[in-house]
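Presented below is the structure to which this report refers.
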Amino acid sequence: MDMITAYQRWVISLRTPNTMRRYQNNVKRFSRMVWEKEPWELTFDDLNNATRLDIKEKFYNPLIDKGLGQETIRGYFPPVKKFVEKINDLKLFDKPINADKFQFTGQVLPSKKQLISRIEKVEEELAELKQLLSTYDYDRR
């Protein structure tokens with residue numbers, strides 16, 4: 001079996017036309033961004049050698065830079081993981097691919113307002129610690 005057949009079998013296994021369309025579009029976009037290939041052109045080495053850092057730098061960060069939200073980006077990962085799992089189920093390669101690395105692990109990033117608030121609290125705590133230290137008598141032990 002080749003990758004194009006595996007891809008076609010994966011598409012056929014999807015339940016509804018809407019799911020087919022959405023999953024295909026998501027996997028194509030992911031594949032094009034991470035490997036600059038169509039999903040059916042991927043090789044064992046492409047999938048096996050991809051790291052979470054590759055995915056972050058080539059897929060996640062560019063989408064964040066375009067202004068896409070965490071939940072939108074999160075939606076891309078289940079189809080990719082399902083596609084890799086289907087490849088493994090079909091035993092397309094001699095060794096299975098770790099599908100878990102294609103799972104969304106991004107944390108929801110704090111807003112600018114939340115970060116500023118945290119900085120202000122840390123600065124207040126630091127000022128209190130400095131004040132406390134200024135009362136210490138270093139000659140006494």
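Labeling convention for the structure tokens: chains A, B, ... as they appear, residues from 1 per chain, ligands from 1 in order of appearance.
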What's the 10 Å shell around Phe30 in chain A, counting only C-alpha atoms, without same-chain residues fewer than 4 positions away, as a ChimeraX atom specification? /A:24-26,34-39,55,58-60,76-77,79-80
Using DSSP on the backbone coordinates, identify the residues of chain A assigned to helix (DSSP H, G or I); present them as a PyMOL selection string. chain A and resi 3-13+17-35+39-41+44-49+52-65+70-74+77-89+99-102+112-134
Residues from last step as file, C-alpha atoms, as a compact mmCIF listing (two decimals), in the first residue's frame:
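Output (out.txt):
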```txt
# COMPACT_ATOMS: atom_id res chain seq x y z
CA MET A 3 0.55 6.82 1.01
CA ILE A 4 -2.08 8.00 -1.47
CA THR A 5 -4.13 4.85 -0.79
CA ALA A 6 -3.70 5.33 2.96
CA TYR A 7 -4.86 8.93 2.62
CA GLN A 8 -7.91 7.89 0.57
CA ARG A 9 -8.83 5.16 3.08
CA TRP A 10 -8.53 7.68 5.91
CA VAL A 11 -10.84 10.13 4.10
CA ILE A 12 -13.40 7.41 3.40
CA SER A 13 -13.33 6.40 7.08
CA PRO A 17 -19.17 15.07 4.35
CA ASN A 18 -18.57 18.05 6.66
CA THR A 19 -16.06 16.09 8.72
CA MET A 20 -14.37 14.88 5.54
CA ARG A 21 -14.03 18.40 4.18
CA ARG A 22 -12.84 19.93 7.48
CA TYR A 23 -10.37 17.14 8.30
CA GLN A 24 -8.95 17.10 4.77
CA ASN A 25 -8.48 20.87 4.79
CA ASN A 26 -6.86 20.80 8.22
CA VAL A 27 -4.46 17.98 7.35
CA LYS A 28 -3.55 19.60 4.03
CA ARG A 29 -2.81 22.96 5.67
CA PHE A 30 -0.78 21.30 8.43
CA SER A 31 1.20 19.19 5.95
CA ARG A 32 1.89 22.11 3.64
CA MET A 33 3.08 24.31 6.50
CA VAL A 34 5.21 21.74 8.33
CA TRP A 35 6.68 19.79 5.40
CA PRO A 39 -0.36 14.75 2.96
CA TRP A 40 -0.16 11.87 0.45
CA GLU A 41 3.44 12.86 -0.39
CA PHE A 44 8.07 7.78 7.05
CA ASP A 45 11.02 10.09 7.69
CA ASP A 46 8.85 13.20 7.39
CA LEU A 47 6.41 11.96 10.00
CA ASN A 48 8.90 10.18 12.24
CA ASN A 49 11.47 12.99 12.34
CA ARG A 52 7.13 19.27 18.63
CA LEU A 53 9.54 22.17 18.06
CA ASP A 54 9.13 21.79 14.27
CA ILE A 55 5.37 21.84 14.70
CA LYS A 56 5.52 24.87 16.96
CA GLU A 57 7.85 26.84 14.68
CA LYS A 58 6.34 25.89 11.32
CA PHE A 59 2.67 25.60 12.19
CA TYR A 60 1.64 26.96 15.57
CA ASN A 61 3.67 30.19 15.67
CA PRO A 62 2.77 31.30 12.11
CA LEU A 63 -0.94 30.83 12.87
CA ILE A 64 -0.60 32.79 16.12
CA ASP A 65 1.22 35.51 14.15
CA GLN A 70 -5.86 29.01 20.53
CA GLU A 71 -9.16 27.16 20.03
CA THR A 72 -8.99 27.56 16.25
CA ILE A 73 -5.44 26.22 16.18
CA ARG A 74 -6.37 23.41 18.57
CA PHE A 77 -4.51 18.75 15.66
CA PRO A 78 -7.17 15.99 16.03
CA PRO A 79 -7.43 15.44 12.25
CA VAL A 80 -3.65 15.22 11.90
CA LYS A 81 -3.38 12.79 14.80
CA LYS A 82 -6.25 10.69 13.37
CA PHE A 83 -4.52 10.61 9.98
CA VAL A 84 -1.27 9.39 11.55
CA GLU A 85 -3.20 6.80 13.60
CA LYS A 86 -4.84 5.55 10.38
CA ILE A 87 -1.40 5.22 8.77
CA ASN A 88 -0.33 3.15 11.77
CA ASP A 89 -3.51 1.03 11.67
CA ALA A 99 0.92 9.98 16.87
CA ASP A 100 1.01 11.70 20.26
CA LYS A 101 3.45 14.32 19.04
CA PHE A 102 0.66 15.55 16.76
CA LYS A 112 -1.34 41.32 28.02
CA LYS A 113 -3.51 42.67 30.84
CA GLN A 114 -3.02 39.47 32.87
CA LEU A 115 0.75 39.61 32.35
CA ILE A 116 0.92 43.25 33.43
CA SER A 117 -1.13 42.43 36.53
CA ARG A 118 1.24 39.57 37.42
CA ILE A 119 4.27 41.83 36.95
CA GLU A 120 2.72 44.47 39.23
CA LYS A 121 2.08 41.86 41.95
CA VAL A 122 5.65 40.56 41.69
CA GLU A 123 7.00 44.12 41.87
CA GLU A 124 4.90 44.79 44.99
CA GLU A 125 6.15 41.60 46.62
CA LEU A 126 9.74 42.49 45.70
CA ALA A 127 9.34 45.95 47.27
CA GLU A 128 8.00 44.34 50.46
CA LEU A 129 10.96 41.95 50.57
CA LYS A 130 13.41 44.81 50.08
CA GLN A 131 11.73 46.72 52.92
CA LEU A 132 11.96 43.67 55.16
CA LEU A 133 15.63 43.19 54.31
CA SER A 134 16.39 46.80 55.16
```
